[in-house]
Every structure is written in structure tokens, then in C-alpha cells.
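Asker: First the structure, then my questions, so here it is.
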Amino acid sequence: MAEPLTEQPADWTEPGAHPVAAGVHRIPLPLPVASLHAVNVYVIEEPDGLVVVDSGWAMPDSRAALTGALRTLGHRIEDVSQFLVTHAHWDHYSQALALRAEFGGRVRIGRGERTSIEAFDVRRGLHPRQADLLRRCGADAIADEIARLGVNTEERDLPHTLPDAWLDDGEKVALTRRSLDVFATPGHTRGHIVLRDAAAGLLFAGDHVLPHISPSLGLETEPEPKPLRSYLASLRLVRDMPDTLLLPAHGPVTASVHTRVDELLHHHEQRLDTAAGHVRAGCATAYEVAAAMPWTRRQRKLDDLDVFSRMLAVLEIDAHLDVLTDQGVLVAHETNGVRQYAAS
């Protein structure tokens, strides 16, 4: 579950351009989200124009922050030649589309995002599939609340169209001064990708590996059936690479991708063990398990969370129970449209 960043380092949200490596700068851009203060975009200076990894939320404050930070580097926003986007969430994708419409820069994103991009329809609300999945989890009351939620003003008019081209797993993005390897890392979304600069020792990680929080799973228009299984496999994929600097989309740049991946794998192993224990104790549905577990660093109860966080919590547990079923730890059957679990 994507927890609020309750104790953020004081410097990572400071406006401006922060050097990361030769010719690479981190620019934090503001977000209209209470639990996340900013999203990092990374500017790569190239002779033929700036290459920007992720783009920010399409809103005036974000554009002003990006414009001002580029100005301190001696560039204009018109100098951006292309955006390489890790996934299709608003805070990564929407500003790239808005700036493309105005200035014509090229936008590329992982091919796996196509399903959710094409399926998005503002008339269906933000989470139509999630409401259906919540009912399968035995969480009808949460599903009803989610189904009633309208699209808020911050999201209603955001651009959400196709990119100029797709990024494919195994592709090499050849720039003038560096080469970026594309790796598909599904889990947070089905089409999430990371970009690795092996020569410089950098991993542009998007939301796949975050220094302080565990990212949400499958929060997209058309979530994949087994997001945690995909996410754990994607973490192990990155862990098997030589270690690099971690350039996350939220939080400060940190020295070791491996260290944080190990922490995330350990976190999910603990959650799997805890979830299995609650099923053995008599909890039968994902909703019942989620209600029995603590949430966020403050160990809050499920009912104390806002409805969006309750949705994420129940669906995260659903993903954990699916993995436990795949492992043979649990068995599952469906009764009246509700999936129920028991110890094997």
C-alpha cells in the first residue's frame, strides 16, 4: 500500500534543479495529493535537446516549477525534445502530454500501459474495475463508496491520450552522451518500466523502487490479475543487476538499489506471513484479513483510513492472498461472487 511520506527528508522537495550525475538533474514538482508532496522528474542534458524522465502532473504549479528549474540550468521548457515516462499515472504522464500539445516534444511510455490508456473513460469514474474487485474481496461497502466517487476537478480535464511511441522491454534508448536500457517492471502498473544507465551507474526507477514507501499494486484502469506476483518478480529482476544509484520518482536519491529492494522483498515476505496467519486464525476473505491487519507506520486500523486507502489496503491483501494460493499455502474457492480462502 502506498503509505503517506510522514517523515520526508527536508531537502528532497526543495524547488529547483538538483544535480545527480554529470548532465543529469532531479527536479521535484508539486502534486495536488495530500499523501505525496512531490514527484521527481529527471532532466538529462543532451546536445539535441533535453530528455526528461517522467513529467509531473499537468497543472500550473507543476509547470511553473519545471520552467523555473530549467531556467536555472540555462534551458527553456521548449528545449525538451522527448519525455521517457515510467508509467501512465497522472503525476508521471499527464504533463508530458500537455507540453507535447503545446511544443511538440516526443512522448514515449512502456508498451504494457497501452491497455489501461486505451480503456480509460472519464465517464466510468477513476476506479471502475477496482469496485468490481472489491466485491470479490467481500468489501461491498467500500466498493459502493468507490463506485459513487466522481472524477475530481484535479483529474477531470487532464490529457490522457496515446504516446508517440512505445518503449519495449530490452530496448536500448541511444542518446548522444549515454545509453538507457529499458526493463519492463510490471506490478505497480502492468506497463511500468525502469531505465538503466549502466555506464553511469544510474537507475531511473519510477515508482518501482521507492526509498520510503511500498508502492500500490495494480492501481490502473485495467489491472493485471496477479500484480504482486509480477511486482516481486520485477524486484528480483532489478536485484539481479549490478547495484546502482537509485533515482526514484518519490523521495531522495539514494546510494543503493539493492539495499532498498532487499527491504521491499523482506516487507512483502512479512506481509505474506501475517496474511497467512490471519487466514489460519479464521479470516476467510481479503476484506477480513485487511481488517485484521495494521496499516501505515502508525499502525492504523482499516476503518480509520480514508476510502481510497481502504481500497488500496484490501486490494493489496487480495494480491498477497493470490500469491499464497499460488504457493500452495492457501486454497481458494468462490461463493456467490466472493473469493474465500483457507489453509491448505
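Following the order of the C-alpha cells, chains are lettered A, B, ..., residues in each are numbered from 1, and ligands are numbered from 1.
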Taking the DSSP assignment computed from this structure's backbone, write out as a PyMOL selection string all residues of region 220-344 of chain A that belong to helix (DSSP H, G or I).
Answerer: chain A and resi 227-239+257-280+286-292+302-304+307-326
Asker: At a cut-off of 8 Å, using only C-alpha atoms, what residues contact region 178-189 of chain A? Leave out same-chain residues fewer than 4 positions from it and give the result as number ranges by chain.
Answerer: A: 87, 110, 113, 167-174, 193-199, 207-208, 215-220, 223-224, 227-232, 234-235
Asker: Of the candidates A:Gln95, A:Arg280, A:Pro225, A:Gln270, which one gets nearest to Leu133 (chain A) if we count only C-alpha atoms?
Answerer: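 So, comparing all the options, the nearest one is A:Pro225.
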Asker: May I have the residues within 8 Å of Arg114 (chain A) as a ChimeraX atom specification, using only C-alpha atoms and disregarding those fewer than 3 positions away in the same chain?
Answerer: /A:110-111,117-118,162,191
Asker: Just the selected residues (N, CA and C atoms), exported as a PDB file, in the first residue's frame, please.
Answerer:
```
ATOM      1  N   GLY A 110       6.020   2.791 -21.610  1.00  0.00           N
ATOM      2  CA  GLY A 110       6.056   1.348 -21.762  1.00  0.00           C
ATOM      3  C   GLY A 110       4.857   0.790 -22.508  1.00  0.00           C
ATOM      4  N   ARG A 111       5.107  -0.159 -23.374  1.00  0.00           N
ATOM      5  CA  ARG A 111       4.050  -0.719 -24.209  1.00  0.00           C
ATOM      6  C   ARG A 111       2.936  -1.351 -23.372  1.00  0.00           C
ATOM      7  N   ILE A 117      -4.372   2.811 -20.862  1.00  0.00           N
ATOM      8  CA  ILE A 117      -4.535   4.117 -21.507  1.00  0.00           C
ATOM      9  C   ILE A 117      -5.745   4.095 -22.434  1.00  0.00           C
ATOM     10  N   GLU A 118      -5.857   3.051 -23.240  1.00  0.00           N
ATOM     11  CA  GLU A 118      -6.964   2.974 -24.195  1.00  0.00           C
ATOM     12  C   GLU A 118      -8.298   2.725 -23.498  1.00  0.00           C
ATOM     13  N   LEU A 162      -2.736   8.655 -26.281  1.00  0.00           N
ATOM     14  CA  LEU A 162      -1.639   7.743 -26.591  1.00  0.00           C
ATOM     15  C   LEU A 162      -0.324   8.497 -26.758  1.00  0.00           C
ATOM     16  N   GLY A 191       2.322  -1.923 -17.101  1.00  0.00           N
ATOM     17  CA  GLY A 191       3.287  -1.498 -18.105  1.00  0.00           C
ATOM     18  C   GLY A 191       4.438  -0.673 -17.558  1.00  0.00           C
TER      19      GLY A 191
END
```
Asker: Fewer than 5 positions away in the same chain doesn't count, so skip those; otherwise give me all residues within 7 Å of region 122-127 of chain A, counting only C-alpha atoms, as JSON, numbers by chain.
Answerer: {"A": [150, 151, 156, 221]}
Asker: Restricting it to N, CA and C atoms, dump the selection as a tab-separated table (two decimals), in the first residue's frame.
Answerer:
```tsv
chain	number	residue	atom	x	y	z
A	150	GLY	N	-16.97	10.48	-7.86
A	150	GLY	CA	-16.82	11.11	-9.17
A	150	GLY	C	-15.38	11.46	-9.44
A	151	VAL	N	-15.11	11.85	-10.65
A	151	VAL	CA	-13.77	12.31	-11.01
A	151	VAL	C	-13.62	13.74	-10.53
A	156	ARG	N	-10.29	15.66	-13.86
A	156	ARG	CA	-11.30	15.57	-14.91
A	156	ARG	C	-10.77	16.01	-16.28
A	221	THR	N	-6.52	1.50	-14.81
A	221	THR	CA	-7.84	1.27	-15.38
A	221	THR	C	-8.13	-0.21	-15.56
```
Asker: DSSP on the backbone: what in region 144-214 of chain A comes out strand (DSSP E or B), as a PDB file with N, CA and C atoms, in the first residue's frame?
Answerer:
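The result, stored in part-v3.pdb:
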```pdb
ATOM      1  N   ALA A 165       5.235   6.948 -29.235  1.00  0.00           N
ATOM      2  CA  ALA A 165       5.822   5.622 -29.475  1.00  0.00           C
ATOM      3  C   ALA A 165       5.900   4.884 -28.144  1.00  0.00           C
ATOM      4  N   TRP A 166       6.074   3.550 -28.232  1.00  0.00           N
ATOM      5  CA  TRP A 166       6.140   2.712 -27.049  1.00  0.00           C
ATOM      6  C   TRP A 166       7.589   2.369 -26.726  1.00  0.00           C
ATOM      7  N   LEU A 167       7.836   2.115 -25.452  1.00  0.00           N
ATOM      8  CA  LEU A 167       9.124   1.603 -25.007  1.00  0.00           C
ATOM      9  C   LEU A 167       8.963   0.110 -24.733  1.00  0.00           C
ATOM     10  N   LYS A 172      17.069  -0.488 -26.196  1.00  0.00           N
ATOM     11  CA  LYS A 172      18.136   0.427 -25.795  1.00  0.00           C
ATOM     12  C   LYS A 172      17.830   1.803 -26.381  1.00  0.00           C
ATOM     13  N   VAL A 173      17.659   2.792 -25.504  1.00  0.00           N
ATOM     14  CA  VAL A 173      17.425   4.160 -25.951  1.00  0.00           C
ATOM     15  C   VAL A 173      18.791   4.814 -26.100  1.00  0.00           C
ATOM     16  N   ALA A 174      19.218   4.998 -27.341  1.00  0.00           N
ATOM     17  CA  ALA A 174      20.553   5.522 -27.618  1.00  0.00           C
ATOM     18  C   ALA A 174      20.500   7.044 -27.703  1.00  0.00           C
ATOM     19  N   SER A 179      23.481   5.782 -22.972  1.00  0.00           N
ATOM     20  CA  SER A 179      22.541   4.794 -23.472  1.00  0.00           C
ATOM     21  C   SER A 179      21.705   4.296 -22.297  1.00  0.00           C
ATOM     22  N   LEU A 180      20.398   4.209 -22.501  1.00  0.00           N
ATOM     23  CA  LEU A 180      19.479   3.783 -21.449  1.00  0.00           C
ATOM     24  C   LEU A 180      18.843   2.460 -21.842  1.00  0.00           C
ATOM     25  N   ASP A 181      18.985   1.465 -20.985  1.00  0.00           N
ATOM     26  CA  ASP A 181      18.354   0.168 -21.210  1.00  0.00           C
ATOM     27  C   ASP A 181      16.959   0.176 -20.586  1.00  0.00           C
ATOM     28  N   VAL A 182      15.987  -0.326 -21.332  1.00  0.00           N
ATOM     29  CA  VAL A 182      14.597  -0.375 -20.882  1.00  0.00           C
ATOM     30  C   VAL A 182      14.301  -1.761 -20.316  1.00  0.00           C
ATOM     31  N   PHE A 183      13.752  -1.791 -19.099  1.00  0.00           N
ATOM     32  CA  PHE A 183      13.340  -3.051 -18.485  1.00  0.00           C
ATOM     33  C   PHE A 183      11.876  -2.946 -18.074  1.00  0.00           C
ATOM     34  N   ALA A 184      11.066  -3.896 -18.505  1.00  0.00           N
ATOM     35  CA  ALA A 184       9.681  -3.966 -18.053  1.00  0.00           C
ATOM     36  C   ALA A 184       9.665  -4.425 -16.597  1.00  0.00           C
ATOM     37  N   ILE A 193       7.938   0.630 -16.479  1.00  0.00           N
ATOM     38  CA  ILE A 193       9.304   0.326 -16.925  1.00  0.00           C
ATOM     39  C   ILE A 193      10.299   1.117 -16.077  1.00  0.00           C
ATOM     40  N   VAL A 194      11.529   0.622 -16.018  1.00  0.00           N
ATOM     41  CA  VAL A 194      12.636   1.387 -15.462  1.00  0.00           C
ATOM     42  C   VAL A 194      13.670   1.569 -16.556  1.00  0.00           C
ATOM     43  N   LEU A 195      14.510   2.579 -16.379  1.00  0.00           N
ATOM     44  CA  LEU A 195      15.563   2.891 -17.344  1.00  0.00           C
ATOM     45  C   LEU A 195      16.908   2.830 -16.623  1.00  0.00           C
ATOM     46  N   ARG A 196      17.838   2.071 -17.177  1.00  0.00           N
ATOM     47  CA  ARG A 196      19.137   1.871 -16.522  1.00  0.00           C
ATOM     48  C   ARG A 196      20.260   2.422 -17.377  1.00  0.00           C
ATOM     49  N   ASP A 197      21.036   3.329 -16.800  1.00  0.00           N
ATOM     50  CA  ASP A 197      22.252   3.840 -17.420  1.00  0.00           C
ATOM     51  C   ASP A 197      23.406   3.078 -16.782  1.00  0.00           C
ATOM     52  N   LEU A 202      23.265   4.435 -12.907  1.00  0.00           N
ATOM     53  CA  LEU A 202      22.019   5.093 -12.519  1.00  0.00           C
ATOM     54  C   LEU A 202      20.832   4.207 -12.871  1.00  0.00           C
ATOM     55  N   LEU A 203      19.841   4.159 -11.976  1.00  0.00           N
ATOM     56  CA  LEU A 203      18.575   3.507 -12.291  1.00  0.00           C
ATOM     57  C   LEU A 203      17.454   4.515 -12.102  1.00  0.00           C
ATOM     58  N   PHE A 204      16.818   4.916 -13.214  1.00  0.00           N
ATOM     59  CA  PHE A 204      15.620   5.752 -13.164  1.00  0.00           C
ATOM     60  C   PHE A 204      14.458   4.807 -12.859  1.00  0.00           C
ATOM     61  N   ALA A 205      14.044   4.780 -11.584  1.00  0.00           N
ATOM     62  CA  ALA A 205      13.215   3.683 -11.086  1.00  0.00           C
ATOM     63  C   ALA A 205      11.724   3.965 -11.101  1.00  0.00           C
ATOM     64  N   GLY A 206      11.291   5.191 -11.415  1.00  0.00           N
ATOM     65  CA  GLY A 206       9.867   5.488 -11.358  1.00  0.00           C
ATOM     66  C   GLY A 206       9.320   5.167  -9.978  1.00  0.00           C
TER      67      GLY A 206
END
```
Asker: Name the closest residue to His192 (chain A) among the candidates A:Leu31, A:Val51, A:Leu70, A:Ile109; distances are taken between atoms, counting only C-alpha atoms.
Answerer: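 Using only C-alpha atoms, His192 (chain A) sits closest to A:Ile109.
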Asker: May I ask which of the residues A:Phe103, A:Tyr287, A:Trp295, A:Trp57 is the closest one to Leu29 (chain A), counting only C-alpha atoms?
Answerer: A:Trp57
Asker: Quick one: residues within 9 Å of His258 (chain A), only C-alpha atoms counted, chain neighbours fewer than 5 positions away excluded, as number ranges by chain?
Answerer: A: 238-244, 246, 263
Asker: Determine the nearest neighbour of Ala22 (chain A) from the options A:Glu45, A:Asp132, A:Asp164, A:Glu316, counting only C-alpha atoms.
Answerer: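 Going through A:Glu45, A:Asp132, A:Asp164, A:Glu316 one by one, the smallest distance to Ala22 (chain A) is for A:Glu45.
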Asker: I'd like to know which of A:Leu264, A:Met293, A:Val279, A:Val209 is closest to Leu321 (chain A), using only C-alpha atoms.
Answerer: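 Ranked by minimum distance to Leu321 (chain A), first place goes to A:Val279.
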Asker: With distances taken over only C-alpha atoms, which residue among A:Met311, A:Ala131, A:Leu50, A:Ala58 lies nearest Leu175 (chain A)?
Answerer: A:Leu50
Asker: Expressed in Å to a single decimal, how great is the separation between CA of Ala342 (chain A) and CA of Val329 (chain A)?
Answerer: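 Distance between the two atoms: 8.9 Å.
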